[in-house]
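> protein35.tsv is the file, holding TSV, C-alpha atoms:
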```tsv
chain	number	residue	atom	x	y	z
N	429	MET	CA	42.20	111.58	89.63
N	430	ALA	CA	41.75	109.09	86.81
N	431	ALA	CA	43.29	106.07	85.19
N	432	ILE	CA	43.98	106.12	81.44
N	433	GLU	CA	42.85	103.27	79.17
N	434	LEU	CA	43.93	103.18	75.52
N	435	THR	CA	42.42	100.48	73.33
N	436	GLY	CA	43.47	99.81	69.72
N	437	LEU	CA	44.55	103.43	69.42
N	438	SER	CA	45.93	104.64	66.09
N	439	THR	CA	46.88	108.14	64.99
N	440	VAL	CA	47.52	108.64	61.27
N	441	TYR	CA	48.86	111.83	59.73
N	442	PRO	CA	47.44	113.18	56.43
N	443	ASN	CA	50.50	111.84	54.55
N	444	GLY	CA	49.62	108.32	55.66
N	445	VAL	CA	52.28	107.94	58.38
N	446	ARG	CA	50.96	105.87	61.30
N	447	ALA	CA	52.51	107.71	64.25
N	448	VAL	CA	50.61	105.51	66.74
N	449	ASP	CA	49.77	102.01	65.55
N	450	GLU	CA	46.91	100.05	67.20
N	451	LEU	CA	48.27	100.61	70.68
N	452	ASP	CA	46.79	99.13	73.87
N	453	LEU	CA	47.89	100.63	77.19
N	454	SER	CA	46.58	100.93	80.75
N	455	ILE	CA	47.97	103.65	83.05
N	456	HIS	CA	46.96	103.35	86.68
N	457	ASP	CA	45.28	106.04	88.74
N	458	GLY	CA	47.96	108.14	90.50
N	459	GLU	CA	50.82	106.55	88.56
N	460	PHE	CA	53.89	108.38	87.26
N	461	PHE	CA	54.23	106.84	83.82
N	462	ALA	CA	56.99	107.48	81.26
N	463	LEU	CA	56.81	107.16	77.48
N	464	LEU	CA	60.39	106.59	76.37
N	465	GLY	CA	61.87	106.21	72.91
N	466	PRO	CA	63.96	107.78	70.17
N	467	SER	CA	62.84	110.80	68.16
N	468	GLY	CA	60.03	109.92	65.78
N	469	CYS	CA	58.83	106.85	67.71
N	470	GLY	CA	55.35	108.30	68.31
N	471	LYS	CA	55.54	109.15	72.01
N	472	THR	CA	54.65	112.85	71.68
N	473	THR	CA	51.88	112.06	69.20
N	474	LEU	CA	50.47	109.55	71.68
N	475	LEU	CA	50.53	112.18	74.42
N	476	ARG	CA	48.82	114.74	72.17
N	477	THR	CA	46.17	112.18	71.22
N	478	VAL	CA	45.39	111.57	74.89
N	479	ALA	CA	45.18	115.35	75.36
N	480	GLY	CA	42.85	115.73	72.36
N	481	LEU	CA	45.29	117.84	70.34
N	482	GLU	CA	45.52	115.07	67.74
N	483	GLN	CA	42.52	113.14	66.44
N	484	ALA	CA	42.56	109.35	66.81
N	485	ALA	CA	42.05	107.53	63.51
N	486	SER	CA	40.74	104.47	65.33
N	487	GLY	CA	40.51	103.01	68.84
N	488	THR	CA	39.45	104.67	72.07
N	489	VAL	CA	40.82	106.91	74.83
N	490	ALA	CA	39.19	106.57	78.25
N	491	LEU	CA	39.95	108.70	81.31
N	492	GLY	CA	38.50	107.02	84.36
N	493	GLU	CA	35.02	105.87	83.35
N	494	ARG	CA	34.70	108.41	80.52
N	495	ASP	CA	35.29	107.67	76.85
N	496	VAL	CA	36.86	110.94	75.65
N	497	THR	CA	37.96	109.80	72.18
N	498	ARG	CA	35.77	112.42	70.47
N	499	THR	CA	35.70	114.94	73.32
N	500	GLU	CA	37.39	118.25	72.59
N	501	ALA	CA	40.66	118.95	74.39
N	502	GLY	CA	39.29	121.60	76.76
N	503	LYS	CA	36.67	119.26	78.18
N	504	ARG	CA	38.83	116.19	78.81
N	505	GLY	CA	40.07	117.18	82.24
N	506	VAL	CA	43.75	116.99	81.32
N	507	ALA	CA	46.53	119.55	81.73
N	508	MET	CA	49.62	119.61	79.54
N	509	VAL	CA	53.07	121.11	80.05
N	510	PHE	CA	54.94	121.60	76.79
N	511	GLN	CA	58.64	121.39	76.03
N	512	ASP	CA	58.92	125.16	75.54
N	513	TYR	CA	56.48	125.89	78.44
N	514	ALA	CA	54.30	128.08	76.13
N	515	LEU	CA	54.12	131.00	78.55
N	516	PHE	CA	52.64	134.31	77.40
N	517	PRO	CA	55.56	136.81	77.44
N	518	HIS	CA	53.31	139.88	77.87
N	519	MET	CA	51.55	138.45	80.93
N	520	THR	CA	52.75	138.35	84.51
N	521	VAL	CA	53.38	135.07	86.32
N	522	ALA	CA	50.02	135.43	88.08
N	523	GLN	CA	48.21	136.02	84.79
N	524	ASN	CA	49.91	133.05	83.16
N	525	ILE	CA	48.96	130.75	86.02
N	526	ALA	CA	45.35	131.94	86.07
N	527	TYR	CA	44.88	131.91	82.28
N	528	PRO	CA	42.96	128.58	82.15
N	529	LEU	CA	40.45	130.01	84.64
N	530	ARG	CA	40.21	133.22	82.61
N	531	VAL	CA	39.30	131.17	79.52
N	532	ARG	CA	36.57	129.49	81.57
N	533	ARG	CA	35.29	132.94	82.56
N	534	ALA	CA	36.02	132.45	86.26
N	535	SER	CA	35.80	135.56	88.43
N	536	LYS	CA	38.87	137.73	88.91
N	537	GLN	CA	38.90	136.81	92.58
N	538	ALA	CA	38.92	133.08	91.68
N	539	GLN	CA	41.80	133.73	89.27
N	540	ARG	CA	43.81	135.56	91.94
N	541	ASP	CA	43.11	132.84	94.50
N	542	ALA	CA	44.25	130.11	92.11
N	543	ALA	CA	47.45	131.97	91.23
N	544	GLU	CA	48.31	132.57	94.89
N	545	SER	CA	47.53	129.05	96.12
N	546	THR	CA	49.38	127.19	93.36
N	547	SER	CA	52.35	129.54	93.30
N	548	ALA	CA	52.88	129.20	97.07
N	549	GLY	CA	53.40	125.45	96.80
N	550	LEU	CA	55.88	125.86	93.96
N	551	GLY	CA	58.09	128.58	95.42
N	552	LEU	CA	56.73	131.30	93.13
N	553	ALA	CA	54.94	133.47	95.68
N	554	GLY	CA	57.43	136.33	95.36
N	555	LEU	CA	57.47	136.26	91.55
N	556	LEU	CA	53.80	136.77	90.70
N	557	GLU	CA	54.30	140.25	89.20
N	558	ARG	CA	57.28	139.30	87.06
N	559	ARG	CA	57.08	138.38	83.39
N	560	PRO	CA	58.51	135.14	81.89
N	561	GLY	CA	61.51	136.97	80.43
N	562	GLN	CA	62.59	137.90	83.95
N	563	LEU	CA	62.64	134.27	85.15
N	564	SER	CA	65.21	131.49	85.01
N	565	GLY	CA	64.50	128.29	83.09
N	566	GLY	CA	63.65	126.45	86.30
N	567	GLN	CA	61.26	129.19	87.39
N	568	GLN	CA	59.55	129.18	83.99
N	569	GLN	CA	59.07	125.45	84.29
N	570	ARG	CA	57.40	125.92	87.68
N	571	VAL	CA	55.08	128.55	86.25
N	572	ALA	CA	54.03	126.11	83.52
N	573	LEU	CA	53.39	123.45	86.18
N	574	ALA	CA	51.45	125.93	88.32
N	575	ARG	CA	49.25	126.81	85.35
N	576	ALA	CA	48.55	123.12	84.77
N	577	MET	CA	47.72	122.61	88.46
N	578	ALA	CA	45.37	125.62	88.47
N	579	MET	CA	43.14	123.74	86.03
N	580	SER	CA	42.37	121.10	88.71
N	581	ALA	CA	42.82	118.45	86.04
N	582	GLU	CA	42.53	114.71	86.56
N	583	VAL	CA	45.59	113.92	84.43
N	584	LEU	CA	48.90	115.76	83.95
N	585	LEU	CA	50.72	115.32	80.62
N	586	LEU	CA	54.38	116.38	80.40
N	587	ASP	CA	56.06	116.68	77.00
N	588	GLU	CA	59.84	116.69	77.68
N	589	PRO	CA	59.51	119.55	80.20
N	590	LEU	CA	63.13	119.27	81.37
N	591	SER	CA	64.88	119.32	78.00
N	592	ASN	CA	65.46	123.10	77.98
N	593	LEU	CA	67.24	123.12	81.34
N	594	ASP	CA	70.97	122.83	81.93
N	595	ALA	CA	72.35	119.73	83.64
N	596	ARG	CA	72.23	121.08	87.22
N	597	LEU	CA	68.76	122.58	86.91
N	598	ARG	CA	67.50	119.41	85.25
N	599	LEU	CA	68.61	117.31	88.21
N	600	GLU	CA	66.98	119.70	90.68
N	601	ALA	CA	63.78	119.88	88.62
N	602	ARG	CA	63.63	116.09	88.36
N	603	THR	CA	63.70	115.73	92.15
N	604	PHE	CA	61.12	118.49	92.56
N	605	LEU	CA	58.81	117.01	89.92
N	606	LYS	CA	58.80	113.54	91.47
N	607	ARG	CA	58.10	114.93	94.95
N	608	LEU	CA	55.30	117.14	93.61
N	609	GLN	CA	53.65	114.22	91.79
N	610	ARG	CA	53.77	112.05	94.89
N	611	ASP	CA	52.29	114.80	97.05
N	612	LEU	CA	49.43	115.44	94.61
N	613	GLY	CA	48.82	111.78	93.72
N	614	LEU	CA	48.07	112.99	90.19
N	615	THR	CA	48.08	110.56	87.27
N	616	THR	CA	51.07	111.79	85.26
N	617	VAL	CA	52.35	110.80	81.82
N	618	PHE	CA	55.87	111.97	81.05
N	619	VAL	CA	57.40	111.92	77.55
N	620	THR	CA	61.19	111.79	77.28
N	621	HIS	CA	64.01	110.39	75.18
N	622	ASP	CA	66.35	110.60	78.20
N	623	GLN	CA	66.68	107.14	79.77
N	624	ALA	CA	68.09	108.53	83.04
N	625	GLU	CA	65.00	110.71	83.51
N	626	ALA	CA	62.62	107.85	82.82
N	627	LEU	CA	64.46	105.41	85.08
N	628	ALA	CA	64.64	107.95	87.93
N	629	LEU	CA	61.08	109.30	87.77
N	630	ALA	CA	58.70	106.64	86.52
N	631	ASP	CA	56.75	103.97	88.35
N	632	ARG	CA	56.49	102.19	84.98
N	633	ILE	CA	57.98	102.80	81.54
N	634	ALA	CA	56.73	102.06	78.04
N	635	VAL	CA	59.59	101.90	75.50
N	636	MET	CA	58.26	102.85	72.07
N	637	ALA	CA	59.43	102.38	68.49
N	638	GLU	CA	57.54	103.02	65.24
N	639	GLY	CA	54.30	103.80	67.03
N	640	ARG	CA	54.21	100.63	69.10
N	641	ILE	CA	55.29	99.59	72.58
N	642	ARG	CA	58.33	97.32	72.58
N	643	GLN	CA	58.39	96.81	76.35
N	644	LEU	CA	56.25	97.80	79.30
N	645	GLY	CA	57.50	97.42	82.85
N	646	THR	CA	59.12	98.91	85.93
N	647	PRO	CA	62.46	100.73	85.56
N	648	LYS	CA	64.16	97.71	87.14
N	649	ASP	CA	62.58	95.32	84.61
N	650	VAL	CA	63.32	97.48	81.59
N	651	PHE	CA	66.93	98.07	82.59
N	652	GLY	CA	67.72	94.59	83.89
N	653	ARG	CA	65.70	92.41	81.46
N	654	PRO	CA	65.18	94.24	78.15
N	655	ALA	CA	62.55	92.36	76.15
N	656	ASP	CA	64.47	92.54	72.86
N	657	THR	CA	67.69	93.85	71.37
N	658	PHE	CA	66.10	97.20	70.44
N	659	VAL	CA	65.30	97.95	74.09
N	660	ALA	CA	68.66	96.53	75.21
N	661	ASN	CA	70.51	98.83	72.82
N	662	PHE	CA	68.41	101.88	73.70
N	663	ILE	CA	68.33	101.74	77.50
N	664	GLY	CA	71.38	102.78	79.49
N	665	SER	CA	73.81	105.69	79.50
N	666	THR	CA	76.24	103.31	77.78
N	667	PRO	CA	74.28	100.87	75.57
N	668	MET	CA	74.34	97.17	76.31
N	669	ASN	CA	77.04	95.15	74.58
N	670	LEU	CA	75.31	92.90	72.05
N	671	LEU	CA	77.65	90.17	70.79
N	672	THR	CA	76.74	87.66	68.10
N	673	GLY	CA	77.32	84.03	68.96
N	674	ALA	CA	75.98	80.48	68.93
N	675	VAL	CA	75.09	77.68	71.35
N	676	HIS	CA	77.45	74.68	71.26
N	677	ASP	CA	77.53	71.77	73.73
N	678	GLY	CA	75.55	73.79	76.23
N	679	PHE	CA	77.88	76.81	76.17
N	680	LEU	CA	77.69	80.19	74.49
N	681	GLU	CA	80.45	80.68	71.97
N	682	VAL	CA	80.97	84.41	71.59
N	683	ALA	CA	83.95	86.65	70.75
N	684	GLY	CA	86.34	83.71	70.86
N	685	ALA	CA	85.20	82.60	74.33
N	686	ARG	CA	82.94	79.93	75.84
N	687	LEU	CA	80.55	81.34	78.44
N	688	PRO	CA	78.07	79.39	80.57
N	689	PRO	CA	74.46	80.28	79.71
N	690	PRO	CA	72.03	81.73	82.27
N	691	PRO	CA	70.23	79.19	84.46
N	692	GLY	CA	66.93	77.87	83.17
N	693	PRO	CA	65.75	75.85	80.18
N	694	ALA	CA	68.56	74.58	77.96
N	695	LEU	CA	69.17	76.51	74.75
N	696	ALA	CA	68.97	74.57	71.50
N	697	ASP	CA	72.36	73.37	70.32
N	698	GLY	CA	73.50	75.25	67.22
N	699	ALA	CA	71.09	78.15	67.82
N	700	LYS	CA	72.27	81.55	66.61
N	701	VAL	CA	72.05	84.01	69.46
N	702	VAL	CA	72.94	87.53	70.56
N	703	VAL	CA	74.57	87.74	73.99
N	704	GLY	CA	73.78	90.89	75.96
N	705	ILE	CA	76.12	92.18	78.67
N	706	ARG	CA	75.55	95.53	80.37
N	707	PRO	CA	78.79	97.54	80.72
N	708	GLU	CA	78.01	97.98	84.43
N	709	TYR	CA	78.20	94.20	84.92
N	710	LEU	CA	81.53	93.53	83.20
N	711	GLN	CA	84.48	92.72	85.43
N	712	PRO	CA	88.09	91.52	85.05
N	713	ALA	CA	88.28	87.71	85.17
N	714	ALA	CA	90.73	84.83	84.85
N	715	GLU	CA	88.51	83.23	82.19
N	716	GLY	CA	86.13	84.88	79.76
N	717	ILE	CA	86.40	87.19	76.76
N	718	THR	CA	89.94	88.31	75.99
N	719	GLY	CA	90.61	91.44	73.98
N	720	THR	CA	93.05	94.28	73.45
N	721	VAL	CA	92.50	97.58	75.22
N	722	SER	CA	91.79	100.18	72.53
N	723	ILE	CA	90.33	103.17	74.42
N	724	VAL	CA	90.50	104.34	78.04
N	725	GLU	CA	88.17	107.23	78.95
N	726	THR	CA	88.62	108.99	82.29
N	727	LEU	CA	85.35	109.66	84.15
N	728	GLY	CA	86.66	111.22	87.32
N	729	VAL	CA	87.11	108.51	89.96
N	730	THR	CA	86.62	105.72	87.40
N	731	SER	CA	87.65	104.99	83.82
N	732	LEU	CA	85.75	103.37	80.95
N	733	VAL	CA	87.65	100.72	78.99
N	734	THR	CA	86.92	99.55	75.44
N	735	LEU	CA	88.26	96.19	74.25
N	736	GLU	CA	88.82	95.01	70.68
N	737	CYS	CA	87.82	91.33	70.75
N	738	PRO	CA	87.71	88.69	67.97
N	739	GLY	CA	85.01	90.01	65.62
N	740	GLU	CA	83.51	92.29	68.29
N	741	VAL	CA	84.03	95.49	70.27
N	742	LEU	CA	83.28	95.31	73.99
N	743	VAL	CA	82.52	98.70	75.53
N	744	GLY	CA	82.04	99.91	79.04
N	745	LEU	CA	84.16	97.99	81.51
N	746	THR	CA	84.53	100.41	84.44
N	747	VAL	CA	87.74	100.27	86.47
N	748	PRO	CA	88.75	102.32	89.55
N	749	GLU	CA	90.92	105.41	89.27
N	750	HIS	CA	94.65	104.66	88.90
N	751	GLU	CA	93.92	101.05	87.87
N	752	GLU	CA	93.44	101.75	84.18
N	753	PRO	CA	95.08	99.23	81.83
N	754	ALA	CA	97.42	100.61	79.19
N	755	VAL	CA	96.18	100.92	75.63
N	756	GLY	CA	97.38	97.95	73.57
N	757	THR	CA	97.54	95.49	76.48
N	758	ALA	CA	95.49	92.29	76.68
N	759	MET	CA	92.65	91.99	79.15
N	760	THR	CA	90.15	89.25	80.02
N	761	VAL	CA	86.66	90.11	81.25
N	762	ALA	CA	83.42	88.29	82.05
N	763	PRO	CA	79.91	89.28	83.12
N	764	ALA	CA	79.11	89.20	86.81
N	765	PRO	CA	77.19	86.05	87.83
N	766	GLY	CA	73.56	86.18	86.74
N	767	ARG	CA	74.12	89.29	84.60
N	768	LEU	CA	74.16	87.78	81.12
N	769	LEU	CA	71.19	87.89	78.70
N	770	VAL	CA	70.60	85.78	75.61
N	771	TYR	CA	68.48	86.91	72.64
N	772	ASP	CA	67.33	85.03	69.56
N	773	ALA	CA	69.43	86.28	66.65
N	774	GLU	CA	66.48	86.09	64.25
N	775	THR	CA	63.50	87.34	66.27
N	776	THR	CA	65.63	89.57	68.61
N	777	GLY	CA	63.43	88.42	71.52
N	778	LEU	CA	64.78	87.51	74.96
N	779	LEU	CA	65.51	83.78	75.37
N	780	ALA	CA	67.23	83.56	78.74
N	781	ALA	CA	68.34	85.84	81.56
```
Write the structure described by the file as structure tokens, please.

Amino acid sequence: MAAIELTGLSTVYPNGVRAVDELDLSIHDGEFFALLGPSGCGKTTLLRTVAGLEQAASGTVALGERDVTRTEAGKRGVAMVFQDYALFPHMTVAQNIAYPLRVRRASKQAQRDAAESTSAGLGLAGLLERRPGQLSGGQQQRVALARAMAMSAEVLLLDEPLSNLDARLRLEARTFLKRLQRDLGLTTVFVTHDQAEALALADRIAVMAEGRIRQLGTPKDVFGRPADTFVANFIGSTPMNLLTGAVHDGFLEVAGARLPPPPGPALADGAKVVVGIRPEYLQPAAEGITGTVSIVETLGVTSLVTLECPGEVLVGLTVPEHEEPAVGTAMTVAPAPGRLLVYDAETTGLLAA
């Protein structure tokens, strides 16, 4: 196994676009690490640069004690699972799994042994003579993982491997993937734009935008204390409510209400701020932000309420089934204690939480 150390890494395309921009990152040995961000943020390019499929314009890539920046992909000791799995349709499952050993001119017996041993641990033992077209999406994913494992690599790189699965299979595959990684103790880097996947799977997450890391931390840190308004708006199944306001006499004036600031250093009077409230932490209150109910969305046993407030829209208050307010009625809400964040309106950085 190996840690990954990226220092001043940049990847520049021939048209001049800097897909990865002077990035520094340390990934621990045996860690399950997620690269998360919107399309075009540079996460897949970063993964491909670590794999050696893209050439670094500057900086270094180290795996363990080895500098592999100029080492060709096949000699880096990494295995990669692609979004489309990249299985050979004319080959059997066994042949697909053993293909990396075939390229290395391993004996046929070594190829058979590798296919049998890796397939047994992934529930593929009875499918070795089938071809990819005869498999379900989940089974194809396991074949791609088995092929990666057969390489005995130090690092496993996963490029959105769950995106082609339906919702049920994705949930099952997510559980399987996390258990497999823990059992193997393999350093794993997982690229996704799905926040739920990253939060559920990763030991740590790097949120990327424009080729740079905007925040690095545990899922709890990234969800609960986003470093800036970009991360706050990106993370969460329902984005964080970001309301413009100002500090006056020690209170936050926002959406026609006066809210107490988070504990800690006093905020400068008159400062322009953005107040962040996660939908999950909104609750009905006697005092707080008052608005008019504009939308009620039924989510099974709960409903999601949207309020039209003075100059703002507040989304995501969750209420129990059969307690939904009527559209057009007034409602007052406030964040749960300790669940309010304050950002600088100019720099977008976190001021208080």
> Got a sec: who's within 12 Å of N:Thr439, counting only C-alpha atoms, leaving out chain neighbours fewer than 6 positions off, as a PyMOL selection string?
chain N and resi 445-451+470-478+480-489+497+638-640
> Save the residues we just selected, C-alpha atoms, as a compact mmCIF listing (two decimals), in the coordinates of the input?

```
# COMPACT_ATOMS: atom_id res chain seq x y z
CA VAL N 445 52.28 107.94 58.38
CA ARG N 446 50.96 105.87 61.30
CA ALA N 447 52.51 107.71 64.25
CA VAL N 448 50.61 105.51 66.74
CA ASP N 449 49.77 102.01 65.55
CA GLU N 450 46.91 100.05 67.20
CA LEU N 451 48.27 100.61 70.68
CA GLY N 470 55.35 108.30 68.31
CA LYS N 471 55.54 109.15 72.01
CA THR N 472 54.65 112.85 71.68
CA THR N 473 51.88 112.06 69.20
CA LEU N 474 50.47 109.55 71.68
CA LEU N 475 50.53 112.18 74.42
CA ARG N 476 48.82 114.74 72.17
CA THR N 477 46.17 112.18 71.22
CA VAL N 478 45.39 111.57 74.89
CA GLY N 480 42.85 115.73 72.36
CA LEU N 481 45.29 117.84 70.34
CA GLU N 482 45.52 115.07 67.74
CA GLN N 483 42.52 113.14 66.44
CA ALA N 484 42.56 109.35 66.81
CA ALA N 485 42.05 107.53 63.51
CA SER N 486 40.74 104.47 65.33
CA GLY N 487 40.51 103.01 68.84
CA THR N 488 39.45 104.67 72.07
CA VAL N 489 40.82 106.91 74.83
CA THR N 497 37.96 109.80 72.18
CA GLU N 638 57.54 103.02 65.24
CA GLY N 639 54.30 103.80 67.03
CA ARG N 640 54.21 100.63 69.10
```
> Taking only C-alpha atoms into account, which of N:Gly777, N:Asp587, N:Thr499, N:Leu463 comes nearest N:Ala637?
N:Leu463
> Extract, using only C-alpha atoms, all DNA, RNA and protein residues at most 12 Å from stretch 726-733 of chain N, discarding same-chain residues fewer than 6 positions from it, and format them as an MDAnalysis selection string.
chainID N and resid 666 707:708 710:712 719:720 741:761
> So which residues are close to (48.7, 104.6, 88.4), meaning at most 10 Å away in the file's coordinates with only C-alpha atoms counted, and can you show them as a PyMOL selection string?
chain N and resi 429-432+454-461+613-617+631-632
> Compare N:Ser564, N:Ala634, N:Leu550, N:Leu779 by their minimum atom-to-atom distance to N:Leu605, counting only C-alpha atoms, and give me the closest one.
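Closest to N:Leu605, using only C-alpha atoms: N:Leu550.
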> When you count only C-alpha atoms, which of these residues is closest to N:Leu629: N:Ala601, N:Leu778, N:Leu556, N:Leu695?
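Closest to N:Leu629, using only C-alpha atoms: N:Ala601.
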> Just how far from atom CA of N:Val496 is atom CA of N:Thr620, in Å to one decimal?
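So the answer is 24.4 Å.
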> Could you tell me how far atom CA of N:Ala655 lies from atom CA of N:Thr435, in Å and to one decimal?
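Here the two named atoms are 21.9 Å from each other.
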> Excluding N:Ile633 and its own-chain neighbours fewer than 4 positions away, which residues fall within 8 Å of it when counting all atoms listed in the file? Please give them as a CSV table (one decimal) with C-alpha atoms, in the coordinates of the input.

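Just written: result-v6.csv:
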```csv
chain,number,residue,atom,x,y,z
N,461,PHE,CA,54.2,106.8,83.8
N,462,ALA,CA,57.0,107.5,81.3
N,463,LEU,CA,56.8,107.2,77.5
N,464,LEU,CA,60.4,106.6,76.4
N,626,ALA,CA,62.6,107.8,82.8
N,627,LEU,CA,64.5,105.4,85.1
N,643,GLN,CA,58.4,96.8,76.4
N,644,LEU,CA,56.2,97.8,79.3
N,645,GLY,CA,57.5,97.4,82.8
N,646,THR,CA,59.1,98.9,85.9
N,647,PRO,CA,62.5,100.7,85.6
N,650,VAL,CA,63.3,97.5,81.6
```
> From the set N:Val509, N:Val770, N:Val531, N:Ile717, which residue has the shortest atom-to-atom contact distance to N:Leu573, counting all atoms listed in the file?
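When distances to N:Leu573 are compared using all atoms listed in the file, the smallest one comes from N:Val509.
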> As JSON, numbers by chain, please: the residues near N:Gly739 (cut-off 10 Å, all atoms listed in the file, same-chain neighbours under 4 positions excluded).
{"N": [671, 672, 682, 683, 684]}
> By how many Å are atom CA of N:Met579 and atom CA of N:Ser438 apart?
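It comes out at 27.8 Å.
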> Compare N:Asn669, N:Gly652, N:Val702, N:Arg598 by their minimum atom-to-atom distance to N:Thr734, counting all atoms listed in the file, and give me the closest one.
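Answer, going by the shortest atom-to-atom distance: N:Asn669.
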> Give me, as an MDAnalysis selection string, all polymer residues having an atom no more than 12 Å from N:Arg570, counting all atoms listed in the file and skipping those fewer than 6 positions away in the same chain.
chainID N and resid 509:510 513 515 521 524:525 546:553 555:556 560 563:564 576:577 589:590 597 600:602 604:605 608
> Specify the axis-aligned box that encloses all atoms of stretch 512-518 of chain N listed in the file after padding of 6 Å on each side, stating its centre and edge lengths in Å to one decimal as JSON.

```
{"center_x": 55.8, "center_y": 132.5, "center_z": 77.0, "size_x": 18.3, "size_y": 26.7, "size_z": 15.0}
```
> Which residue, N:Pro690, N:Gly561, N:Pro442, N:Pro763, has the smallest gap to N:Gly678 when you use only C-alpha atoms?
N:Pro690
